[in-house]
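Okay, query.cif now, which holds mmCIF, C-alpha atoms and all ligand atoms:
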```cif
data_data
#
loop_
_atom_site.label_atom_id
_atom_site.label_comp_id
_atom_site.auth_asym_id
_atom_site.auth_seq_id
_atom_site.Cartn_x
_atom_site.Cartn_y
_atom_site.Cartn_z
CA MET B 1 140.36 73.35 86.60
CA GLY B 2 140.00 70.45 89.04
CA ILE B 3 141.45 69.78 92.46
CA SER B 4 143.42 66.80 93.54
CA VAL B 5 144.60 66.42 97.07
CA ALA B 6 147.76 64.42 97.59
CA PRO B 7 148.87 62.93 100.94
CA THR B 8 150.45 65.62 103.15
CA GLU B 9 154.08 65.11 104.14
CA GLN B 10 153.68 66.69 107.58
CA PRO B 11 151.51 64.92 110.16
CA PRO B 12 148.28 66.94 110.27
CA ARG B 13 147.82 69.31 113.18
CA ARG B 14 144.78 68.66 115.33
CA ALA B 15 142.08 71.11 116.31
CA SER B 16 142.58 72.85 119.66
CA SER B 17 140.37 72.04 122.64
CA GLY B 18 139.08 73.99 125.63
CA VAL B 19 135.93 75.13 127.39
CA ASP B 20 133.33 76.00 124.80
CA GLU B 21 130.30 78.25 125.06
CA PHE B 22 128.50 75.99 122.54
CA GLY B 23 128.91 72.85 124.65
CA PRO B 24 131.42 70.01 124.44
CA TYR B 25 133.02 70.97 121.11
CA VAL B 26 136.52 71.37 119.77
CA LEU B 27 136.97 74.55 117.78
CA ALA B 28 139.05 74.95 114.66
CA ASP B 29 139.43 78.09 112.64
CA ARG B 30 139.35 77.74 108.89
CA ARG B 31 143.17 77.61 108.53
CA LYS B 32 143.70 74.97 111.22
CA TRP B 33 140.79 72.93 109.95
CA ALA B 34 142.17 73.00 106.38
CA GLU B 35 145.43 71.48 107.64
CA LEU B 36 143.58 68.36 108.72
CA ALA B 37 142.90 67.22 105.14
CA GLU B 38 144.89 64.05 104.68
CA GLN B 39 144.84 62.08 101.53
CA MET B 40 141.48 61.77 99.92
CA PRO B 41 141.82 62.26 96.17
CA VAL B 42 138.92 64.35 94.96
CA HIS B 43 137.84 65.11 91.45
CA LEU B 44 135.69 68.17 91.23
CA THR B 45 135.68 70.76 88.48
CA GLU B 46 134.57 74.38 88.67
CA GLU B 47 131.85 73.45 86.19
CA LYS B 48 130.53 70.64 88.38
CA LEU B 49 130.71 72.88 91.45
CA GLN B 50 128.56 75.43 89.64
CA GLY B 51 125.85 72.79 89.31
CA ILE B 52 126.06 71.96 93.02
CA ARG B 53 126.13 75.50 94.42
CA SER B 54 122.90 77.44 95.04
CA ARG B 55 122.59 80.80 93.25
CA LEU B 56 123.98 83.08 95.92
CA ASP B 57 126.49 80.73 97.44
CA THR B 58 130.08 81.80 96.84
CA ILE B 59 131.70 78.45 97.50
CA ASP B 60 134.78 77.83 95.34
CA LEU B 61 137.22 74.97 94.96
CA ALA B 62 139.50 76.41 97.67
CA GLN B 63 136.64 76.25 100.17
CA VAL B 64 135.81 72.73 99.08
CA ARG B 65 139.41 71.73 99.73
CA ASP B 66 139.77 73.67 103.01
CA VAL B 67 136.40 72.93 104.59
CA TYR B 68 134.57 70.09 102.94
CA LEU B 69 137.47 67.70 102.42
CA PRO B 70 138.34 67.50 106.12
CA LEU B 71 134.62 67.24 106.89
CA THR B 72 134.24 64.36 104.43
CA GLU B 73 137.28 62.61 105.89
CA LEU B 74 135.91 63.08 109.39
CA VAL B 75 132.54 61.63 108.34
CA ASN B 76 134.46 58.72 106.84
CA HIS B 77 135.98 58.01 110.29
CA TYR B 78 132.46 57.87 111.68
CA VAL B 79 131.29 55.61 108.83
CA LEU B 80 134.17 53.19 109.37
CA HIS B 81 133.86 53.09 113.14
CA THR B 82 130.09 52.71 113.03
CA GLY B 83 130.66 49.81 110.63
CA HIS B 84 133.13 48.14 113.02
CA LEU B 85 130.73 48.62 115.91
CA TYR B 86 127.88 47.20 113.83
CA GLY B 87 129.99 44.17 112.89
CA SER B 88 131.24 43.39 116.38
CA THR B 89 127.91 43.87 118.15
CA HIS B 90 126.11 41.77 115.53
CA ASN B 91 128.70 39.06 116.02
CA TYR B 92 128.18 39.20 119.75
CA LEU B 93 124.39 39.03 119.32
CA GLY B 94 124.69 36.22 116.77
CA LEU B 95 122.94 38.27 114.08
CA SER B 96 123.77 38.30 110.42
CA GLU B 97 121.70 41.15 108.98
CA ALA B 98 123.31 43.49 106.47
CA ARG B 99 124.45 46.87 107.70
CA THR B 100 121.82 49.61 107.50
CA PRO B 101 122.44 53.03 105.89
CA PHE B 102 124.63 55.58 107.68
CA VAL B 103 122.36 58.59 108.19
CA ILE B 104 123.57 62.21 108.24
CA GLY B 105 121.33 65.13 109.23
CA VAL B 106 121.96 68.63 107.81
CA ALA B 107 120.19 71.43 109.69
CA GLY B 108 120.11 75.23 109.69
CA SER B 109 117.93 78.24 108.92
CA VAL B 110 116.12 79.02 105.69
CA ALA B 111 118.61 80.60 103.24
CA VAL B 112 121.74 79.51 105.12
CA GLY B 113 122.86 77.22 102.29
CA LYS B 114 121.93 73.76 103.53
CA SER B 115 121.23 72.63 99.97
CA THR B 116 124.75 73.48 98.79
CA THR B 117 126.32 71.80 101.81
CA SER B 118 124.19 68.68 101.32
CA ARG B 119 124.77 68.39 97.58
CA LEU B 120 128.50 68.86 98.11
CA LEU B 121 128.55 66.16 100.76
CA VAL B 122 126.74 63.82 98.36
CA GLU B 123 129.42 64.48 95.74
CA LEU B 124 132.42 64.15 98.06
CA LEU B 125 131.16 61.21 100.11
CA SER B 126 130.46 59.26 96.92
CA GLN B 127 134.14 59.66 96.06
CA LEU B 128 135.30 57.94 99.26
CA PRO B 129 137.10 54.61 98.87
CA GLY B 130 134.59 51.89 98.04
CA ARG B 131 132.46 54.51 96.22
CA PRO B 132 129.51 54.46 98.64
CA ARG B 133 126.05 55.11 97.24
CA VAL B 134 124.83 58.38 98.74
CA ASP B 135 121.23 59.66 98.62
CA LEU B 136 119.73 62.98 99.70
CA VAL B 137 116.23 63.65 100.97
CA THR B 138 114.88 67.05 102.06
CA THR B 139 112.29 67.28 104.80
CA ASP B 140 110.12 69.75 102.86
CA GLY B 141 108.49 66.66 101.29
CA PHE B 142 106.98 66.03 104.72
CA LEU B 143 105.39 69.49 104.97
CA LEU B 144 101.60 69.28 105.16
CA PRO B 145 100.04 70.28 101.81
CA ASN B 146 98.98 73.97 101.65
CA ALA B 147 95.29 72.94 101.74
CA GLU B 148 95.89 71.17 105.05
CA LEU B 149 98.00 74.03 106.45
CA GLN B 150 95.14 76.38 105.56
CA ARG B 151 92.56 74.06 107.11
CA ARG B 152 94.57 74.08 110.34
CA GLY B 153 95.11 77.86 110.13
CA ILE B 154 98.91 77.51 110.07
CA MET B 155 99.80 78.61 106.52
CA GLU B 156 101.87 81.39 108.13
CA ARG B 157 103.80 78.76 110.08
CA LYS B 158 105.28 76.89 107.12
CA GLY B 159 108.63 75.49 108.26
CA PHE B 160 107.67 75.49 111.97
CA PRO B 161 107.70 71.99 113.50
CA GLU B 162 103.91 71.75 113.51
CA SER B 163 103.73 72.35 109.73
CA TYR B 164 105.24 68.90 109.06
CA ASP B 165 103.78 65.43 109.17
CA ARG B 166 106.33 64.57 111.83
CA ALA B 167 105.06 61.03 112.31
CA ALA B 168 105.56 60.28 108.58
CA LEU B 169 109.06 61.79 108.62
CA LEU B 170 110.00 59.74 111.66
CA ARG B 171 108.60 56.58 110.08
CA PHE B 172 110.57 57.30 106.91
CA VAL B 173 113.89 57.65 108.75
CA MET B 174 113.16 54.67 110.99
CA ASP B 175 112.35 52.51 107.95
CA VAL B 176 115.59 53.55 106.25
CA LYS B 177 117.56 52.89 109.44
CA SER B 178 115.84 49.53 109.91
CA GLY B 179 117.11 48.39 106.52
CA VAL B 180 113.80 48.43 104.62
CA HIS B 181 114.79 47.99 101.00
CA ALA B 182 112.74 50.73 99.33
CA VAL B 183 111.34 53.67 101.29
CA SER B 184 109.42 56.53 99.65
CA ALA B 185 109.04 60.18 100.62
CA PRO B 186 106.65 62.79 99.18
CA VAL B 187 108.08 65.65 97.10
CA TYR B 188 107.78 69.42 97.68
CA SER B 189 108.12 72.03 94.94
CA HIS B 190 109.60 75.40 95.88
CA LEU B 191 108.26 76.67 92.57
CA VAL B 192 104.59 75.94 93.26
CA TYR B 193 105.17 76.27 97.02
CA ASP B 194 103.31 73.05 97.75
CA ILE B 195 103.56 69.27 97.88
CA VAL B 196 103.45 67.73 94.39
CA PRO B 197 100.47 65.34 94.44
CA GLY B 198 101.37 61.77 93.52
CA GLU B 199 105.13 62.41 93.27
CA PHE B 200 107.55 60.45 95.46
CA ILE B 201 111.27 59.95 95.83
CA THR B 202 112.33 56.41 96.65
CA VAL B 203 115.40 55.60 98.68
CA ARG B 204 116.75 52.11 97.94
CA HIS B 205 119.06 51.10 100.74
CA PRO B 206 121.94 53.54 100.05
CA ASP B 207 125.21 53.26 101.99
CA ILE B 208 124.73 56.83 103.19
CA LEU B 209 121.55 58.91 103.40
CA ILE B 210 121.59 62.67 103.99
CA VAL B 211 118.41 64.10 105.54
CA GLU B 212 118.36 67.88 105.11
CA GLY B 213 115.90 70.30 106.69
CA LEU B 214 115.24 73.16 109.05
CA ASN B 215 114.10 71.02 111.93
CA VAL B 216 115.98 67.74 111.65
CA LEU B 217 117.75 68.25 114.99
CA GLN B 218 114.56 68.85 116.97
CA PRO B 219 114.46 66.73 120.11
CA ALA B 220 111.66 64.24 120.73
CA ARG B 221 108.29 65.71 121.70
CA ARG B 222 106.42 64.58 124.75
CA ASN B 223 103.38 62.62 123.67
CA ARG B 224 99.95 62.64 125.30
CA THR B 225 100.98 60.23 128.01
CA GLY B 226 103.84 62.51 129.01
CA LEU B 227 106.43 59.99 127.86
CA SER B 228 109.08 61.06 125.39
CA SER B 229 108.66 59.73 121.89
CA LEU B 230 111.41 59.35 119.32
CA ALA B 231 112.86 62.04 117.06
CA VAL B 232 114.47 61.68 113.62
CA SER B 233 117.74 62.87 115.14
CA ASP B 234 117.78 59.70 117.27
CA PHE B 235 118.63 57.87 114.04
CA PHE B 236 121.45 60.14 112.89
CA ASP B 237 124.98 58.76 112.87
CA PHE B 238 126.39 62.24 112.17
CA SER B 239 124.89 65.71 111.87
CA VAL B 240 125.91 69.10 110.54
CA TYR B 241 124.44 72.47 111.54
CA VAL B 242 125.09 75.28 109.08
CA ASP B 243 125.21 78.45 111.14
CA ALA B 244 125.30 82.18 110.40
CA ASP B 245 124.45 85.46 112.04
CA GLU B 246 120.74 86.32 112.11
CA SER B 247 121.30 89.58 110.18
CA ASP B 248 123.25 87.75 107.45
CA LEU B 249 120.49 85.16 107.11
CA ARG B 250 117.93 87.91 106.70
CA SER B 251 119.92 89.70 104.00
CA TRP B 252 120.64 86.42 102.16
CA TYR B 253 116.95 85.59 102.20
CA LEU B 254 116.01 89.03 100.86
CA GLU B 255 118.75 88.96 98.26
CA ARG B 256 117.60 85.53 97.11
CA PHE B 257 113.96 86.58 96.94
CA MET B 258 114.86 89.63 94.85
CA GLY B 259 117.08 87.46 92.64
CA LEU B 260 114.33 84.90 92.13
CA ARG B 261 112.15 87.68 90.66
CA GLU B 262 114.48 87.61 87.67
CA SER B 263 114.39 83.81 87.32
CA ALA B 264 112.03 81.34 89.05
CA PHE B 265 109.26 83.89 89.66
CA ARG B 266 109.06 84.53 85.89
CA ASP B 267 107.71 81.00 85.48
CA PRO B 268 103.89 81.31 85.38
CA ARG B 269 103.62 78.20 87.59
CA SER B 270 105.50 80.00 90.38
CA TYR B 271 103.51 80.71 93.54
CA PHE B 272 105.41 84.01 93.63
CA ALA B 273 104.82 84.91 89.94
CA ARG B 274 103.04 88.15 90.87
CA PHE B 275 106.30 89.44 92.40
CA ALA B 276 108.14 89.25 89.09
CA GLU B 277 106.07 92.17 87.79
CA MET B 278 105.65 94.03 91.05
CA ASP B 279 107.93 97.00 91.72
CA ALA B 280 111.06 96.20 93.68
CA ALA B 281 110.16 98.16 96.81
CA HIS B 282 106.84 96.35 97.28
CA ALA B 283 108.38 92.94 96.54
CA ARG B 284 111.13 93.60 99.06
CA ALA B 285 108.62 94.70 101.69
CA TYR B 286 106.74 91.41 101.19
CA ALA B 287 109.94 89.37 101.53
CA GLU B 288 110.84 91.30 104.68
CA ARG B 289 107.46 90.42 106.09
CA ILE B 290 107.97 86.70 105.32
CA TRP B 291 111.33 86.81 107.05
CA ASP B 292 110.20 88.87 110.04
CA THR B 293 107.02 86.90 110.69
CA ILE B 294 107.92 83.35 109.60
CA ASN B 295 111.53 82.42 108.85
CA GLY B 296 113.20 84.73 111.39
CA PRO B 297 111.04 83.67 114.37
CA ASN B 298 111.30 80.02 113.30
CA HIS B 299 115.09 80.36 113.29
CA VAL B 300 115.18 81.92 116.75
CA GLN B 301 112.51 79.78 118.41
CA ASN B 302 113.02 76.36 116.85
CA ILE B 303 116.14 76.00 114.72
CA LEU B 304 118.92 77.82 116.58
CA PRO B 305 118.15 76.05 119.88
CA THR B 306 119.03 72.73 118.17
CA ARG B 307 122.52 73.89 117.10
CA GLY B 308 124.27 72.38 120.12
CA ARG B 309 122.88 68.94 119.21
CA ALA B 310 124.91 68.73 115.98
CA THR B 311 128.09 66.70 115.61
CA ALA B 312 129.60 69.51 113.52
CA ILE B 313 128.78 73.21 113.33
CA LEU B 314 129.93 75.12 110.24
CA ARG B 315 129.87 78.86 110.86
CA LYS B 316 129.59 81.16 107.86
CA ASP B 317 130.70 84.78 107.79
CA SER B 318 128.74 87.47 105.98
CA ALA B 319 130.47 86.61 102.67
CA HIS B 320 129.23 82.98 102.88
CA ASP B 321 132.77 81.82 103.70
CA ILE B 322 133.18 79.24 106.45
CA GLU B 323 134.84 81.08 109.31
CA TRP B 324 135.18 78.27 111.85
CA ILE B 325 134.15 74.69 112.49
CA ARG B 326 133.18 73.09 115.78
CA ILE B 327 133.24 69.34 116.22
CA ARG B 328 131.53 67.67 119.10
CA LYS B 329 133.85 65.85 121.46
CA VAL B 330 133.20 62.14 121.29
N1 LIG J 401 110.44 80.63 96.04
C1 LIG J 401 111.39 79.83 95.55
N2 LIG J 401 111.37 79.50 94.24
C2 LIG J 401 112.32 78.66 93.75
N3 LIG J 401 113.34 78.14 94.49
C3 LIG J 401 113.41 78.46 95.79
C4 LIG J 401 112.43 79.32 96.41
N4 LIG J 401 112.75 79.45 97.71
C5 LIG J 401 113.86 78.68 97.91
N5 LIG J 401 114.26 78.10 96.78
C6 LIG J 401 115.39 77.19 96.62
O1 LIG J 401 115.15 76.07 97.47
C7 LIG J 401 116.34 75.59 98.07
C8 LIG J 401 116.18 75.40 99.56
O2 LIG J 401 116.06 76.62 100.19
P1 LIG J 401 116.10 76.75 101.79
O3 LIG J 401 115.08 75.86 102.39
O4 LIG J 401 116.05 78.20 102.13
O5 LIG J 401 117.49 76.13 102.21
P2 LIG J 401 118.99 76.61 102.06
O6 LIG J 401 119.06 78.02 101.56
O7 LIG J 401 119.55 76.47 103.43
O8 LIG J 401 119.60 75.66 101.09
C9 LIG J 401 117.42 76.58 97.68
O9 LIG J 401 118.21 75.99 96.66
C10 LIG J 401 116.67 77.79 97.16
O10 LIG J 401 117.40 78.48 96.18
C1 LIG J 402 110.11 74.87 102.45
C2 LIG J 402 110.76 75.43 103.69
C3 LIG J 402 109.82 75.30 104.89
C4 LIG J 402 112.06 74.64 103.99
O1 LIG J 402 111.77 73.28 104.28
P1 LIG J 402 112.85 72.13 104.72
O2 LIG J 402 113.30 71.35 103.50
O3 LIG J 402 114.01 72.77 105.39
O4 LIG J 402 112.07 71.23 105.63
C5 LIG J 402 111.13 76.94 103.50
O5 LIG J 402 111.97 77.10 102.41
C6 LIG J 402 109.88 77.82 103.31
O6 LIG J 402 109.32 77.90 102.25
N1 LIG J 402 109.45 78.52 104.39
C7 LIG J 402 108.20 79.25 104.42
C8 LIG J 402 108.37 80.74 104.37
C9 LIG J 402 108.96 81.18 103.03
O7 LIG J 402 108.20 81.36 102.07
O8 LIG J 402 110.18 81.33 102.96
#
```

Take the structure in this file and express it as structure tokens.
Ligand SMILES: Nc1ncnc2c1ncn2[C@@H]1O[C@H](COP(=O)(O)OP(=O)(O)O)[C@@H](O)[C@H]1O
Ligand SMILES: CC(C)(COP(=O)(O)O)[C@@H](O)C(=O)NCCC(=O)O
Amino acid sequence: MGISVAPTEQPPRRASSGVDEFGPYVLADRRKWAELAEQMPVHLTEEKLQGIRSRLDTIDLAQVRDVYLPLTELVNHYVLHTGHLYGSTHNYLGLSEARTPFVIGVAGSVAVGKSTTSRLLVELLSQLPGRPRVDLVTTDGFLLPNAELQRRGIMERKGFPESYDRAALLRFVMDVKSGVHAVSAPVYSHLVYDIVPGEFITVRHPDILIVEGLNVLQPARRNRTGLSSLAVSDFFDFSVYVDADESDLRSWYLERFMGLRESAFRDPRSYFARFAEMDAAHARAYAERIWDTINGPNHVQNILPTRGRATAILRKDSAHDIEWIRIRKV
């Protein structure tokens, strides 16, 4: 079965506004948000969606239609208006350079489902009129290799801001945003839990680039001179924060870890291969320790504080369903 969305006959209702504990956002519950979808025809089959969705994600075609279609249409407004602004300011400045990629950041905790959101956005955005070319890069490629993390004594801080080569990530996004024709990023393997030596992904001037990662909304750090430097988020034209309750994140992480024992961990190359054979109680205790000492604290200390910097916040309930959406007032 596929979905096709025809133009609505009624004018769409707009999200309500008011004072917001999250900052200057408009809030829409799932039903109101779904009514915003206008006319984008989308072709997506259940089969294709299965390939996009991560193992534990429950996203179905109804959620794609209710949540991701309006989001895609909203991003399209930003793409179009950024294009107009680019054109008029370049005219004013007497410049004639081609437009640079529109960059979208996707942030959120480990196990929240950023990968599903990002892959879905790639699929839907590439179906926009004009069929833009959309690429996706994850920031794990910019993690320091395990050997270097060990050398620095921060192997237990993987995913914390200091575990990345932040300068290289910033350079990568700046190069893309400056219009460099081919920009390469290193590749991380979740299976071997390390950077893959000699492997790179090359981004060749797409129309839209999605940059997905735990820390993409981090503000600029102060450098040694006390002056603020730049942050990757300075180059985002739009950003999405995928949000969920801390206790849900923890159970999704544990559930995923236990599920991976039946699949990825069975691969002898897996860093976690020993957990495939280990009894469930011990494996679960190990996963709890990873969450409680690494991913949980990273979420609370570094990731969650960046939520209010996003253009859009998608809030999931405990069943992985999107409960509400907040959009930053422009
Ligand atoms: N140990 C692992 N082995 C294989 N795949 C993994 C492992 N850990 C995570 N993954 C996969 O890596 C992807 C990214 O995971 P994560 O960084 O937690 O982001 P998110 O869950 O928000 O998409 C997910 O698709 C997940 O299923
Ligand atoms: C690789 C990750 C840091 C995520 O990286 P991202 O692409 O978000 O930059 C994370 O999935 C991870 O492995 N954290 C370390 C603790 C753990 O084993 O879950």

For this session: Return as a VMD selection string the residues of protein, DNA or RNA that approach ligand LIG 402 (chain J) to within 6 Å, with all atoms listed in the file taken into account.
Result: chain B and resid 110 138 to 140 158 to 159 213 to 214 294 to 295

Export, as a PDB file, in the frame of the given file, the selected residues with C-alpha atoms.
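Result file follows (part-v6.pdb):
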```pdb
ATOM      1  CA  VAL B 110     116.120  79.020 105.690  1.00  0.00           C
ATOM      2  CA  THR B 138     114.880  67.050 102.060  1.00  0.00           C
ATOM      3  CA  THR B 139     112.290  67.280 104.800  1.00  0.00           C
ATOM      4  CA  ASP B 140     110.120  69.750 102.860  1.00  0.00           C
ATOM      5  CA  LYS B 158     105.280  76.890 107.120  1.00  0.00           C
ATOM      6  CA  GLY B 159     108.630  75.490 108.260  1.00  0.00           C
ATOM      7  CA  GLY B 213     115.900  70.300 106.690  1.00  0.00           C
ATOM      8  CA  LEU B 214     115.240  73.160 109.050  1.00  0.00           C
ATOM      9  CA  ILE B 294     107.920  83.350 109.600  1.00  0.00           C
ATOM     10  CA  ASN B 295     111.530  82.420 108.850  1.00  0.00           C
TER      11      ASN B 295
END
```

For this session: List all protein, DNA and RNA residues that have an atom no more than 9 Å from any atom of ligand LIG 401 (chain J), counting only C-alpha atoms and all ligand atoms, and report them as a PyMOL selection string.
Result: chain B and resi 53-57+107-118+138+140+159+189-193+212-214+242+252-253+256-257+260-261+263-265+270-272

Exercise. CA of Leu74 in chain B and CA of Arg119 in chain B are how many Å apart?
Worked result: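 These two atoms are separated by 17.1 Å.
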
For this session: Tell me which protein, DNA and RNA residues are within 12 Å of Val196 in chain B, counting all atoms listed in the file, leaving out same-chain ones fewer than 4 positions away, and put them as number ranges by chain.
Result: B: 140-146, 185-192, 200-201

Exercise. Just how far from CA of Ala37 in chain B is CA of Ser318 in chain B, in Å to one decimal?
Worked result: 24.7 Å

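CA of Asp317 in chain B sits 10.8 Å away from CA of Ser247 in chain B.
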
Exercise. For Arg30 in chain B, which residue out of B:Trp324, B:Phe172, B:Tyr68, B:Trp291 is the nearest one, using all atoms listed in the file?
Worked result: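 With all atoms listed in the file as the atom set, the closest residue is B:Trp324.
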
For this session: Would you please work out which residue, of B:Pro24, B:Val134, B:Leu230, B:His181, is nearest to Arg166 in chain B when using all atoms listed in the file?
Result: B:Leu230

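Take the candidates B:Asp234, B:Asp267, B:Glu46, B:Asp194 and check each one against Met174 in chain B using all atoms listed in the file; the shortest distance goes to B:Asp234.
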
Skip Glu323 in chain B itself and residues of its chain fewer than 6 positions away, then list as a tab-separated table (two decimals) with C-alpha atoms, keeping the file's coordinate frame all residues within 10 Å of it, counting only C-alpha atoms.
```tsv
chain	number	residue	atom	x	y	z
B	28	ALA	CA	139.05	74.95	114.66
B	29	ASP	CA	139.43	78.09	112.64
B	30	ARG	CA	139.35	77.74	108.89
B	31	ARG	CA	143.17	77.61	108.53
B	67	VAL	CA	136.40	72.93	104.59
B	244	ALA	CA	125.30	82.18	110.40
B	314	LEU	CA	129.93	75.12	110.24
B	315	ARG	CA	129.87	78.86	110.86
B	316	LYS	CA	129.59	81.16	107.86
B	317	ASP	CA	130.70	84.78	107.79
```

Problem set entry | Option closest in space to Arg284 in chain B, from B:Pro268, B:Gly296, B:Gly259, B:Gly83 [counting all atoms listed in the file] |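 The closest residue to Arg284 in chain B is B:Gly259.
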
Exercise. For Val42 in chain B, which residue out of B:Leu69, B:Leu304, B:Val203, B:Val211 is the nearest one, using all atoms listed in the file?
Worked result: B:Leu69

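Closest approach to Ala310 in chain B among B:Val330, B:Leu27, B:Ile52, B:Val106: B:Val106, based on only C-alpha atoms.
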
Exercise. Which protein, DNA or RNA residues have an atom at most 7 Å from (132.1, 67.1, 113.0), counting all atoms listed in the file? List them as a PyMOL selection string.
Worked result: chain B and resi 71+74+240+311-313+326-328
